[in-house]
file target_11.pdb (PDB, C-alpha atoms)
ATOM      1  CA  MET A   1      13.774 235.957 -85.812
ATOM      2  CA  ARG A   2      11.497 233.417 -87.516
ATOM      3  CA  TYR A   3       9.501 233.007 -84.301
ATOM      4  CA  LEU A   4       9.208 236.754 -83.794
ATOM      5  CA  ILE A   5       7.881 237.281 -87.314
ATOM      6  CA  PHE A   6       5.290 234.542 -86.825
ATOM      7  CA  ALA A   7       4.214 236.033 -83.503
ATOM      8  CA  VAL A   8       3.720 239.482 -85.046
ATOM      9  CA  VAL A   9       1.762 238.101 -87.988
ATOM     10  CA  PHE A  10      -0.330 235.905 -85.694
ATOM     11  CA  GLY A  11      -1.116 238.876 -83.492
ATOM     12  CA  LEU A  12      -2.176 240.990 -86.453
ATOM     13  CA  VAL A  13      -4.476 238.242 -87.671
ATOM     14  CA  LEU A  14      -6.173 237.963 -84.289
ATOM     15  CA  SER A  15      -6.629 241.708 -83.947
ATOM     16  CA  SER A  16      -7.736 242.525 -87.491
ATOM     17  CA  THR A  17     -10.094 239.721 -88.491
ATOM     18  CA  ALA A  18     -13.365 238.330 -87.278
ATOM     19  CA  TRP A  19     -11.909 235.245 -85.641
ATOM     20  CA  THR A  20     -13.969 232.068 -85.619
ATOM     21  CA  GLU A  21     -13.171 229.180 -83.292
ATOM     22  CA  GLN A  22     -13.527 226.465 -85.865
ATOM     23  CA  SER A  23     -10.796 227.832 -88.144
ATOM     24  CA  PHE A  24      -8.213 226.548 -85.618
ATOM     25  CA  TYR A  25      -9.580 223.038 -85.100
ATOM     26  CA  GLU A  26      -7.660 220.089 -86.539
ATOM     27  CA  PRO A  27      -8.623 216.465 -85.812
ATOM     28  CA  VAL A  28      -5.971 213.895 -84.956
ATOM     29  CA  PRO A  29      -4.890 212.318 -88.258
ATOM     30  CA  LYS A  30      -4.296 208.652 -88.927
ATOM     31  CA  MET A  31      -0.878 207.571 -87.700
ATOM     32  CA  LYS A  32       1.728 207.178 -90.424
ATOM     33  CA  HIS A  33       4.412 204.483 -90.290
ATOM     34  CA  PRO A  34       7.836 204.735 -91.961
ATOM     35  CA  ALA A  35       8.346 202.933 -95.261
ATOM     36  CA  ASP A  36      11.104 200.834 -93.664
ATOM     37  CA  ASN A  37       8.986 199.962 -90.616
ATOM     38  CA  LYS A  38       5.498 199.202 -91.822
ATOM     39  CA  TRP A  39       2.799 198.370 -89.322
ATOM     40  CA  SER A  40       1.589 194.888 -88.523
ATOM     41  CA  LYS A  41      -0.389 193.677 -85.528
ATOM     42  CA  GLU A  42       2.270 191.062 -84.796
ATOM     43  CA  LYS A  43       4.992 193.714 -84.776
ATOM     44  CA  GLU A  44       2.964 195.955 -82.478
ATOM     45  CA  GLU A  45       2.401 193.058 -80.055
ATOM     46  CA  LEU A  46       6.110 192.206 -80.086
ATOM     47  CA  GLY A  47       6.904 195.842 -79.415
ATOM     48  CA  LYS A  48       4.530 195.856 -76.464
ATOM     49  CA  MET A  49       6.326 192.855 -74.962
ATOM     50  CA  LEU A  50       9.696 194.542 -75.330
ATOM     51  CA  TYR A  51       8.334 197.839 -73.967
ATOM     52  CA  PHE A  52       7.294 196.169 -70.717
ATOM     53  CA  ASP A  53      10.276 193.806 -70.397
ATOM     54  CA  PRO A  54      12.858 194.848 -67.752
ATOM     55  CA  ARG A  55      15.360 192.448 -69.303
ATOM     56  CA  LEU A  56      16.129 195.220 -71.791
ATOM     57  CA  SER A  57      18.085 196.958 -69.022
ATOM     58  CA  GLY A  58      21.476 195.985 -67.649
ATOM     59  CA  SER A  59      20.028 195.595 -64.150
ATOM     60  CA  ASN A  60      16.961 193.673 -65.366
ATOM     61  CA  TRP A  61      14.931 196.113 -63.266
ATOM     62  CA  ILE A  62      14.123 198.923 -65.697
ATOM     63  CA  SER A  63      11.796 198.669 -68.692
ATOM     64  CA  CYS A  64      10.585 201.374 -71.068
ATOM     65  CA  ALA A  65       7.381 201.359 -69.002
ATOM     66  CA  THR A  66       9.291 202.209 -65.825
ATOM     67  CA  CYS A  67       9.721 205.798 -67.000
ATOM     68  CA  HIS A  68       6.802 205.818 -69.442
ATOM     69  CA  ASN A  69       4.056 204.159 -67.435
ATOM     70  CA  PRO A  70       0.523 203.969 -68.922
ATOM     71  CA  GLY A  71      -0.881 204.465 -65.423
ATOM     72  CA  LEU A  72       1.006 207.746 -65.034
ATOM     73  CA  GLY A  73       0.084 209.393 -68.307
ATOM     74  CA  TRP A  74       2.839 207.426 -70.061
ATOM     75  CA  GLY A  75       5.417 209.268 -67.945
ATOM     76  CA  ASP A  76       6.630 208.446 -64.439
ATOM     77  CA  GLY A  77       4.987 211.152 -62.323
ATOM     78  CA  LEU A  78       8.375 212.442 -61.118
ATOM     79  CA  PRO A  79       9.891 215.875 -61.687
ATOM     80  CA  ARG A  80      13.033 214.190 -63.037
ATOM     81  CA  THR A  81      13.249 210.551 -63.944
ATOM     82  CA  ILE A  82      15.287 207.926 -62.112
ATOM     83  CA  GLY A  83      17.869 205.974 -64.086
ATOM     84  CA  ASP A  84      20.323 203.145 -63.519
ATOM     85  CA  GLY A  85      21.457 202.740 -59.917
ATOM     86  CA  GLN A  86      18.445 204.774 -58.703
ATOM     87  CA  LYS A  87      20.180 208.022 -59.682
ATOM     88  CA  GLU A  88      18.106 211.081 -60.510
ATOM     89  CA  LEU A  89      18.583 212.334 -64.052
ATOM     90  CA  GLY A  90      18.385 215.925 -65.207
ATOM     91  CA  ARG A  91      15.121 215.909 -67.126
ATOM     92  CA  HIS A  92      11.474 214.969 -66.787
ATOM     93  CA  ALA A  93      10.406 211.802 -68.607
ATOM     94  CA  PRO A  94       8.275 212.998 -71.544
ATOM     95  CA  THR A  95       5.010 211.222 -72.209
ATOM     96  CA  VAL A  96       4.838 208.683 -75.036
ATOM     97  CA  ILE A  97       1.323 209.860 -75.918
ATOM     98  CA  ASN A  98       1.163 210.996 -79.566
ATOM     99  CA  SER A  99       4.957 210.798 -79.870
ATOM    100  CA  GLY A 100       4.499 209.140 -83.267
ATOM    101  CA  TYR A 101       3.390 212.512 -84.627
ATOM    102  CA  PHE A 102       6.469 214.421 -83.466
ATOM    103  CA  ALA A 103       9.078 215.461 -86.025
ATOM    104  CA  LEU A 104      11.937 215.006 -83.529
ATOM    105  CA  GLN A 105      12.220 213.069 -80.269
ATOM    106  CA  MET A 106      13.654 213.893 -76.821
ATOM    107  CA  TRP A 107      13.535 217.295 -75.129
ATOM    108  CA  ASP A 108      16.487 218.501 -77.197
ATOM    109  CA  GLY A 109      15.452 216.824 -80.452
ATOM    110  CA  ARG A 110      18.586 214.734 -80.717
ATOM    111  CA  LYS A 111      16.685 211.689 -81.951
ATOM    112  CA  LYS A 112      15.163 211.941 -85.413
ATOM    113  CA  SER A 113      12.680 209.074 -85.166
ATOM    114  CA  LEU A 114      10.937 206.850 -82.668
ATOM    115  CA  GLU A 115      13.153 204.002 -83.844
ATOM    116  CA  ASP A 116      16.267 206.040 -83.051
ATOM    117  CA  GLN A 117      14.808 207.107 -79.720
ATOM    118  CA  ALA A 118      13.931 203.533 -78.699
ATOM    119  CA  LYS A 119      17.566 202.452 -78.955
ATOM    120  CA  GLY A 120      18.978 205.421 -77.065
ATOM    121  CA  PRO A 121      17.827 204.818 -73.468
ATOM    122  CA  ILE A 122      18.563 201.082 -73.670
ATOM    123  CA  GLY A 123      22.257 201.675 -74.279
ATOM    124  CA  ALA A 124      22.635 204.904 -72.273
ATOM    125  CA  ALA A 125      24.760 204.307 -69.167
ATOM    126  CA  ALA A 126      22.709 206.682 -67.022
ATOM    127  CA  GLU A 127      19.359 205.258 -68.121
ATOM    128  CA  MET A 128      18.919 201.512 -68.820
ATOM    129  CA  ASN A 129      22.664 200.820 -69.019
ATOM    130  CA  GLN A 130      22.408 197.754 -71.241
ATOM    131  CA  ASP A 131      25.213 196.472 -73.462
ATOM    132  CA  TYR A 132      23.638 195.757 -76.844
ATOM    133  CA  ASN A 133      25.587 192.554 -77.405
ATOM    134  CA  ASP A 134      24.646 191.237 -73.965
ATOM    135  CA  LEU A 135      21.015 192.053 -74.651
ATOM    136  CA  LEU A 136      21.004 190.170 -77.929
ATOM    137  CA  LYS A 137      22.559 187.112 -76.282
ATOM    138  CA  GLU A 138      19.947 187.243 -73.533
ATOM    139  CA  LEU A 139      16.966 187.540 -75.874
ATOM    140  CA  LYS A 140      18.282 184.934 -78.321
ATOM    141  CA  ALA A 141      18.334 182.474 -75.432
ATOM    142  CA  ILE A 142      14.554 182.931 -75.065
ATOM    143  CA  PRO A 143      12.752 180.707 -77.624
ATOM    144  CA  GLY A 144       9.569 182.773 -77.433
ATOM    145  CA  TYR A 145      11.351 185.918 -78.562
ATOM    146  CA  VAL A 146      13.279 184.125 -81.321
ATOM    147  CA  LYS A 147      10.012 182.733 -82.651
ATOM    148  CA  ARG A 148       8.274 186.103 -82.623
ATOM    149  CA  PHE A 149      11.161 187.979 -84.275
ATOM    150  CA  THR A 150      11.311 185.305 -86.970
ATOM    151  CA  SER A 151       7.578 185.618 -87.573
ATOM    152  CA  VAL A 152       7.702 189.427 -87.781
ATOM    153  CA  PHE A 153      11.052 190.140 -89.421
ATOM    154  CA  GLY A 154      12.315 186.828 -90.833
ATOM    155  CA  GLU A 155      15.142 184.442 -90.008
ATOM    156  CA  ASN A 156      18.078 185.647 -87.879
ATOM    157  CA  SER A 157      16.332 188.962 -87.325
ATOM    158  CA  LEU A 158      16.817 189.504 -83.606
ATOM    159  CA  THR A 159      18.869 192.690 -83.846
ATOM    160  CA  ILE A 160      19.002 195.981 -81.988
ATOM    161  CA  ASP A 161      17.498 197.786 -84.978
ATOM    162  CA  ASN A 162      14.552 195.397 -85.099
ATOM    163  CA  ILE A 163      14.054 195.664 -81.341
ATOM    164  CA  ALA A 164      13.791 199.421 -81.854
ATOM    165  CA  LYS A 165      11.422 199.029 -84.808
ATOM    166  CA  ALA A 166       9.072 196.842 -82.791
ATOM    167  CA  ILE A 167       9.050 199.197 -79.793
ATOM    168  CA  ALA A 168       8.465 202.208 -82.057
ATOM    169  CA  THR A 169       5.550 200.431 -83.712
ATOM    170  CA  PHE A 170       3.937 199.870 -80.322
ATOM    171  CA  GLU A 171       4.572 203.471 -79.285
ATOM    172  CA  ARG A 172       2.793 204.705 -82.417
ATOM    173  CA  SER A 173      -0.324 202.966 -81.122
ATOM    174  CA  VAL A 174      -0.392 205.286 -78.092
ATOM    175  CA  VAL A 175      -2.690 207.992 -79.435
ATOM    176  CA  SER A 176      -4.915 210.467 -77.594
ATOM    177  CA  LYS A 177      -8.099 211.218 -79.506
ATOM    178  CA  ASN A 178     -11.850 211.744 -79.186
ATOM    179  CA  SER A 179     -11.486 214.265 -76.372
ATOM    180  CA  PRO A 180     -14.283 216.598 -75.224
ATOM    181  CA  TYR A 181     -12.615 219.176 -77.512
ATOM    182  CA  ASP A 182     -13.006 216.836 -80.503
ATOM    183  CA  LYS A 183     -16.585 216.012 -79.557
ATOM    184  CA  TYR A 184     -17.351 219.728 -79.263
ATOM    185  CA  TRP A 185     -16.258 220.341 -82.844
ATOM    186  CA  ALA A 186     -18.023 217.191 -84.013
ATOM    187  CA  GLY A 187     -21.259 218.898 -83.022
ATOM    188  CA  ASN A 188     -21.762 218.038 -79.344
ATOM    189  CA  LYS A 189     -21.644 221.538 -77.881
ATOM    190  CA  SER A 190     -22.293 220.178 -74.388
ATOM    191  CA  ALA A 191     -19.023 218.203 -74.463
ATOM    192  CA  MET A 192     -17.116 221.185 -73.060
ATOM    193  CA  SER A 193     -18.170 223.354 -70.162
ATOM    194  CA  SER A 194     -18.600 227.095 -70.633
ATOM    195  CA  SER A 195     -15.394 227.552 -68.663
ATOM    196  CA  ALA A 196     -13.506 225.246 -71.061
ATOM    197  CA  VAL A 197     -14.958 227.113 -74.066
ATOM    198  CA  ASN A 198     -13.801 230.404 -72.584
ATOM    199  CA  GLY A 199     -10.410 228.801 -72.022
ATOM    200  CA  MET A 200     -10.297 227.696 -75.651
ATOM    201  CA  ASN A 201     -10.937 231.245 -76.798
ATOM    202  CA  LEU A 202      -8.157 232.470 -74.515
ATOM    203  CA  PHE A 203      -5.822 229.701 -75.711
ATOM    204  CA  PHE A 204      -6.185 230.800 -79.324
ATOM    205  CA  GLY A 205      -6.356 234.476 -78.456
ATOM    206  CA  LYS A 206      -5.197 236.555 -75.505
ATOM    207  CA  ALA A 207      -3.041 233.867 -73.881
ATOM    208  CA  LYS A 208      -1.146 233.231 -77.148
ATOM    209  CA  CYS A 209      -0.705 229.525 -76.357
ATOM    210  CA  SER A 210      -1.400 228.433 -79.928
ATOM    211  CA  ILE A 211       1.598 230.303 -81.329
ATOM    212  CA  CYS A 212       3.650 227.276 -80.240
ATOM    213  CA  HIS A 213       0.953 224.759 -79.320
ATOM    214  CA  ASN A 214      -0.818 224.377 -82.640
ATOM    215  CA  GLY A 215      -1.851 221.699 -85.112
ATOM    216  CA  PRO A 216      -3.767 218.483 -84.400
ATOM    217  CA  VAL A 217      -1.576 217.442 -81.443
ATOM    218  CA  PHE A 218      -0.888 220.989 -80.221
ATOM    219  CA  THR A 219       2.820 221.341 -80.945
ATOM    220  CA  ASP A 220       4.822 223.252 -83.526
ATOM    221  CA  SER A 221       7.597 220.640 -83.149
ATOM    222  CA  GLY A 222       9.882 223.595 -82.482
ATOM    223  CA  PHE A 223      12.290 224.496 -79.693
ATOM    224  CA  HIS A 224      11.958 227.553 -77.463
ATOM    225  CA  ASN A 225      13.596 229.028 -74.391
ATOM    226  CA  ILE A 226      10.557 229.834 -72.268
ATOM    227  CA  GLY A 227      12.442 230.882 -69.128
ATOM    228  CA  VAL A 228      12.331 227.717 -67.010
ATOM    229  CA  LYS A 229      14.407 227.869 -63.825
ATOM    230  CA  ALA A 230      17.131 225.289 -63.208
ATOM    231  CA  ALA A 231      16.341 222.265 -61.046
ATOM    232  CA  GLY A 232      17.777 218.872 -60.226
ATOM    233  CA  PRO A 233      21.343 217.676 -60.784
ATOM    234  CA  SER A 234      21.709 219.544 -64.100
ATOM    235  CA  LYS A 235      22.064 223.129 -62.918
ATOM    236  CA  VAL A 236      22.922 224.276 -66.441
ATOM    237  CA  ASP A 237      21.054 222.580 -69.271
ATOM    238  CA  LEU A 238      21.548 224.195 -72.666
ATOM    239  CA  GLY A 239      18.910 222.031 -74.328
ATOM    240  CA  ARG A 240      18.706 222.296 -78.101
ATOM    241  CA  TYR A 241      21.991 224.218 -78.233
ATOM    242  CA  ASN A 242      23.842 220.974 -77.480
ATOM    243  CA  GLU A 243      22.687 219.724 -80.882
ATOM    244  CA  THR A 244      22.770 222.855 -83.046
ATOM    245  CA  LYS A 245      25.520 224.976 -81.405
ATOM    246  CA  VAL A 246      23.411 227.997 -82.355
ATOM    247  CA  ASP A 247      23.306 230.637 -79.604
ATOM    248  CA  PHE A 248      19.599 231.257 -80.220
ATOM    249  CA  ASP A 249      18.924 227.678 -79.034
ATOM    250  CA  LYS A 250      20.576 228.010 -75.619
ATOM    251  CA  GLY A 251      18.045 226.864 -73.050
ATOM    252  CA  ALA A 252      15.518 225.922 -75.743
ATOM    253  CA  PHE A 253      13.494 222.730 -75.408
ATOM    254  CA  LYS A 254      10.896 221.003 -77.543
ATOM    255  CA  THR A 255       7.301 222.162 -77.455
ATOM    256  CA  PRO A 256       5.347 219.236 -75.977
ATOM    257  CA  GLY A 257       2.000 218.178 -77.372
ATOM    258  CA  LEU A 258      -0.971 218.985 -75.168
ATOM    259  CA  ARG A 259      -3.448 216.209 -75.802
ATOM    260  CA  SER A 260      -4.055 214.336 -72.519
ATOM    261  CA  ILE A 261      -1.582 216.720 -70.884
ATOM    262  CA  ALA A 262      -3.545 216.651 -67.631
ATOM    263  CA  GLN A 263      -2.435 213.024 -67.177
ATOM    264  CA  SER A 264       1.322 213.598 -67.198
ATOM    265  CA  ALA A 265       2.205 216.016 -64.394
ATOM    266  CA  PRO A 266       4.614 217.488 -63.430
ATOM    267  CA  TYR A 267       5.559 219.777 -66.288
ATOM    268  CA  MET A 268       8.455 221.441 -68.128
ATOM    269  CA  HIS A 269      11.641 219.702 -69.254
ATOM    270  CA  ASN A 270      12.850 219.430 -65.662
ATOM    271  CA  GLY A 271       9.540 219.063 -63.846
ATOM    272  CA  THR A 272       9.593 222.455 -62.113
ATOM    273  CA  GLU A 273       5.836 223.066 -62.403
ATOM    274  CA  ALA A 274       3.745 220.606 -60.414
ATOM    275  CA  THR A 275       0.270 221.349 -61.801
ATOM    276  CA  LEU A 276      -1.478 222.845 -64.797
ATOM    277  CA  GLU A 277      -2.369 225.791 -62.582
ATOM    278  CA  ASP A 278       1.343 226.304 -61.963
ATOM    279  CA  VAL A 279       2.038 226.154 -65.699
ATOM    280  CA  ILE A 280      -0.542 228.828 -66.467
ATOM    281  CA  ALA A 281       0.847 231.041 -63.680
ATOM    282  CA  PHE A 282       4.353 230.546 -65.105
ATOM    283  CA  TYR A 283       3.314 231.767 -68.546
ATOM    284  CA  ASP A 284       1.232 234.581 -67.095
ATOM    285  CA  ARG A 285       4.294 236.062 -65.405
ATOM    286  CA  GLY A 286       6.351 235.695 -68.589
ATOM    287  CA  GLY A 287       8.672 232.915 -67.439
ATOM    288  CA  ASP A 288      11.236 232.980 -64.653
ATOM    289  CA  VAL A 289      14.659 233.253 -66.340
ATOM    290  CA  LYS A 290      15.168 236.135 -68.737
ATOM    291  CA  GLU A 291      18.536 235.149 -70.239
ATOM    292  CA  ASN A 292      18.094 234.220 -73.916
ATOM    293  CA  LEU A 293      14.328 234.228 -73.398
ATOM    294  CA  SER A 294      12.229 233.669 -76.513
ATOM    295  CA  PRO A 295      10.549 236.884 -77.730
ATOM    296  CA  LEU A 296       7.297 234.929 -77.733
ATOM    297  CA  ILE A 297       7.293 234.805 -73.922
ATOM    298  CA  THR A 298       5.810 237.942 -72.360
ATOM    299  CA  PRO A 299       3.525 238.579 -69.358
ATOM    300  CA  LEU A 300      -0.098 237.872 -70.240
ATOM    301  CA  GLY A 301      -2.110 239.843 -67.677
ATOM    302  CA  LEU A 302      -4.586 237.055 -67.009
ATOM    303  CA  ASN A 303      -7.089 237.338 -64.177
ATOM    304  CA  ALA A 304      -7.990 234.483 -61.834
ATOM    305  CA  GLU A 305     -11.056 233.424 -63.837
ATOM    306  CA  GLU A 306      -9.107 233.373 -67.095
ATOM    307  CA  LYS A 307      -6.423 231.187 -65.550
ATOM    308  CA  LYS A 308      -9.089 228.775 -64.331
ATOM    309  CA  ASP A 309     -10.714 228.681 -67.771
ATOM    310  CA  LEU A 310      -7.413 227.876 -69.469
ATOM    311  CA  VAL A 311      -6.881 224.937 -67.133
ATOM    312  CA  GLU A 312     -10.388 223.675 -67.890
ATOM    313  CA  PHE A 313      -9.666 223.808 -71.609
ATOM    314  CA  LEU A 314      -6.431 221.872 -71.178
ATOM    315  CA  LYS A 315      -8.368 219.216 -69.270
ATOM    316  CA  ALA A 316     -10.843 219.089 -72.171
ATOM    317  CA  LEU A 317      -7.961 217.853 -74.356
ATOM    318  CA  ASP A 318      -7.933 214.530 -72.476
ATOM    319  CA  GLY A 319      -8.669 211.775 -74.969
ATOM    320  CA  GLU A 320     -10.487 208.549 -74.299
ATOM    321  CA  PRO A 321      -8.571 206.153 -72.003
ATOM    322  CA  ILE A 322      -5.778 204.340 -73.813
ATOM    323  CA  LYS A 323      -6.388 200.752 -72.754
ATOM    324  CA  VAL A 324      -3.362 198.500 -72.522
ATOM    325  CA  ILE A 325      -3.442 194.877 -71.403
ATOM    326  CA  LEU A 326      -0.081 193.927 -69.965
ATOM    327  CA  PRO A 327       1.564 191.264 -72.130
ATOM    328  CA  ASP A 328       2.671 187.818 -71.055
ATOM    329  CA  LEU A 329       6.438 187.906 -71.516
ATOM    330  CA  PRO A 330       8.211 184.907 -73.070
TER     331      PRO A 330
END
call {"tool": "encode", "arguments": {"input": "target_11.pdb", "output": "structure tokens"}}
result
Amino acid sequence: MRYLIFAVVFGLVLSSTAWTEQSFYEPVPKMKHPADNKWSKEKEELGKMLYFDPRLSGSNWISCATCHNPGLGWGDGLPRTIGDGQKELGRHAPTVINSGYFALQMWDGRKKSLEDQAKGPIGAAAEMNQDYNDLLKELKAIPGYVKRFTSVFGENSLTIDNIAKAIATFERSVVSKNSPYDKYWAGNKSAMSSSAVNGMNLFFGKAKCSICHNGPVFTDSGFHNIGVKAAGPSKVDLGRYNETKVDFDKGAFKTPGLRSIAQSAPYMHNGTEATLEDVIAFYDRGGDVKENLSPLITPLGLNAEEKKDLVEFLKALDGEPIKVILPDLP
């Protein structure tokens, strides 16, 4: 009901006021760090090492970067990610880009912080399949890691919680900003093509995208059933319902942010849409599965030119390249 009320109010605002583009623009804010995990350059560098280190997995083959690769939009380019033993999992690997701004982590929101999320895949049998105690023994046998943990966190500080804090600190450095969209609103009106500008107007108007994709990183941090068809080994995925046990949340998944979205194909929680063009076509037809469909999802009646313009606007959300120099591991 709360989403329906917002949709109605939003629609009335668009239809009854002289809408101006700039009223919807929000720049990317400075990243905030938790009080119990304050930022330091040393901690970020340690987190980068751990992020790229396959020794965090039971097989010593899988690192965080395996499924969240900077060269693949901080995802893995697959419809559904591959876990331990080369087995396909049920969901698409979400991008790390701007994840530090999200209120909840994972497609179903089961992790409440980046620190909590960083620990999850390491110990998950289907993902990195690492025993925490074995991992600590392995890292404590590496003098370079012991030295760095001592420098960052103090004596005898090589713990699972501190591993997670370091990784989360690095992940908060992965920010998409200064896109053509930002430059456009900073005064450079040539930063976006006329097609992208038309797409922006559609995004905030007729196409209704901004009902869910709003704010500086284009997400409401909410969960919606948008009618995605089943795919992969998980033929039935109840999404957010698994956490809340509220019927309204059956089949609902987190609204992803859209900055640099063009870099992280394919799309949807299970990778069913291969391209941005496919995503726009999906929304235009009002989703594919009608059971428990969000009332926000309805056919849009877009023509071919409007669909093209929307894609051009989404591409205009690409930030400057996020440069990462691979670390030398101890």
call {"tool": "closest_residue", "arguments": {"input": "target_11.pdb", "among": "A:Ala186, A:Ile325, A:Ile160, A:Ile62", "to": "Asn129 in chain A", "atoms": "all atoms listed in the file"}}
result
A:Ile62
call {"tool": "atom_distance", "arguments": {"input": "target_11.pdb", "atom1": "CA of Phe218 in chain A", "atom2": "CA of Asp237 in chain A"}}
result
24.6 Å
call {"tool": "resolve_selection", "arguments": {"input": "target_11.pdb", "expression": "the PyMOL selection byres ((chain A and resi 191-202) around 7)", "output": "PyMOL selection string"}}
result
chain A and resi 180-181+183-184+188-190+203-207+306+309-310+312-313+316
call {"tool": "resolve_selection", "arguments": {"input": "target_11.pdb", "expression": "the PyMOL selection byres ((chain A and resi 73) around 10)", "output": "mmCIF file with C-alpha atoms, in the coordinates of the input"}}
result
data_model
loop_
_atom_site.group_PDB
_atom_site.id
_atom_site.type_symbol
_atom_site.label_atom_id
_atom_site.label_comp_id
_atom_site.auth_asym_id
_atom_site.auth_seq_id
_atom_site.Cartn_x
_atom_site.Cartn_y
_atom_site.Cartn_z
ATOM 1 C CA HIS A 68 6.802 205.818 -69.442
ATOM 2 C CA ASN A 69 4.056 204.159 -67.435
ATOM 3 C CA PRO A 70 0.523 203.969 -68.922
ATOM 4 C CA GLY A 71 -0.881 204.465 -65.423
ATOM 5 C CA LEU A 72 1.006 207.746 -65.034
ATOM 6 C CA TRP A 74 2.839 207.426 -70.061
ATOM 7 C CA GLY A 75 5.417 209.268 -67.945
ATOM 8 C CA ASP A 76 6.630 208.446 -64.439
ATOM 9 C CA GLY A 77 4.987 211.152 -62.323
ATOM 10 C CA PRO A 94 8.275 212.998 -71.544
ATOM 11 C CA THR A 95 5.010 211.222 -72.209
ATOM 12 C CA VAL A 96 4.838 208.683 -75.036
ATOM 13 C CA ILE A 97 1.323 209.860 -75.918
ATOM 14 C CA SER A 260 -4.055 214.336 -72.519
ATOM 15 C CA ILE A 261 -1.582 216.720 -70.884
ATOM 16 C CA ALA A 262 -3.545 216.651 -67.631
ATOM 17 C CA GLN A 263 -2.435 213.024 -67.177
ATOM 18 C CA SER A 264 1.322 213.598 -67.198
ATOM 19 C CA ALA A 265 2.205 216.016 -64.394
ATOM 20 C CA PRO A 321 -8.571 206.153 -72.003
ATOM 21 C CA ILE A 322 -5.778 204.340 -73.813
#
call {"tool": "atom_distance", "arguments": {"input": "target_11.pdb", "atom1": "CA of Trp61 in chain A", "atom2": "CA of Phe170 in chain A"}}
result
20.6 Å
call {"tool": "closest_residue", "arguments": {"input": "target_11.pdb", "among": "A:Gly100, A:Val28, A:Ala141, A:Glu45", "to": "Val174 in chain A", "atoms": "all atoms listed in the file"}}
result
A:Gly100
call {"tool": "resolve_selection", "arguments": {"input": "target_11.pdb", "expression": "the PyMOL selection byres ((chain A and resi 169) around 7)", "output": "NGL selection string"}}
result
:A and (39 or 43-44 or 47 or 165-168 or 170-173)
call {"tool": "atom_distance", "arguments": {"input": "target_11.pdb", "atom1": "CA of Lys307 in chain A", "atom2": "CA of Cys209 in chain A"}}
result
12.3 Å
call {"tool": "build_atoms", "arguments": {"input": "target_11.pdb", "residues": "range 295-307 of chain A", "atoms": "N, CA and C atoms", "output": "mmCIF file, in the frame of the given file"}}
result
data_model
loop_
_atom_site.group_PDB
_atom_site.id
_atom_site.type_symbol
_atom_site.label_atom_id
_atom_site.label_comp_id
_atom_site.auth_asym_id
_atom_site.auth_seq_id
_atom_site.Cartn_x
_atom_site.Cartn_y
_atom_site.Cartn_z
ATOM 1 N N PRO A 295 11.388 235.680 -77.642
ATOM 2 C CA PRO A 295 10.549 236.884 -77.730
ATOM 3 C C PRO A 295 9.063 236.578 -77.682
ATOM 4 N N LEU A 296 8.700 235.312 -77.822
ATOM 5 C CA LEU A 296 7.297 234.929 -77.733
ATOM 6 C C LEU A 296 6.774 234.941 -76.301
ATOM 7 N N ILE A 297 7.687 234.910 -75.328
ATOM 8 C CA ILE A 297 7.293 234.805 -73.922
ATOM 9 C C ILE A 297 7.243 236.187 -73.292
ATOM 10 N N THR A 298 6.036 236.641 -73.003
ATOM 11 C CA THR A 298 5.810 237.942 -72.360
ATOM 12 C C THR A 298 4.688 237.788 -71.342
ATOM 13 N N PRO A 299 4.627 238.650 -70.322
ATOM 14 C CA PRO A 299 3.525 238.579 -69.358
ATOM 15 C C PRO A 299 2.177 238.692 -70.059
ATOM 16 N N LEU A 300 1.186 237.958 -69.549
ATOM 17 C CA LEU A 300 -0.098 237.872 -70.240
ATOM 18 C C LEU A 300 -1.194 238.718 -69.604
ATOM 19 N N GLY A 301 -1.084 239.039 -68.338
ATOM 20 C CA GLY A 301 -2.110 239.843 -67.677
ATOM 21 C C GLY A 301 -3.427 239.119 -67.508
ATOM 22 N N LEU A 302 -3.369 237.839 -67.198
ATOM 23 C CA LEU A 302 -4.586 237.055 -67.009
ATOM 24 C C LEU A 302 -5.160 237.268 -65.612
ATOM 25 N N ASN A 303 -6.481 237.291 -65.506
ATOM 26 C CA ASN A 303 -7.089 237.338 -64.177
ATOM 27 C C ASN A 303 -7.357 235.927 -63.686
ATOM 28 N N ALA A 304 -7.822 235.796 -62.456
ATOM 29 C CA ALA A 304 -7.990 234.483 -61.834
ATOM 30 C C ALA A 304 -8.972 233.611 -62.616
ATOM 31 N N GLU A 305 -10.058 234.196 -63.100
ATOM 32 C CA GLU A 305 -11.056 233.424 -63.837
ATOM 33 C C GLU A 305 -10.496 232.934 -65.169
ATOM 34 N N GLU A 306 -9.711 233.777 -65.818
ATOM 35 C CA GLU A 306 -9.107 233.373 -67.095
ATOM 36 C C GLU A 306 -8.112 232.227 -66.904
ATOM 37 N N LYS A 307 -7.362 232.275 -65.833
ATOM 38 C CA LYS A 307 -6.423 231.187 -65.550
ATOM 39 C C LYS A 307 -7.181 229.881 -65.322
#
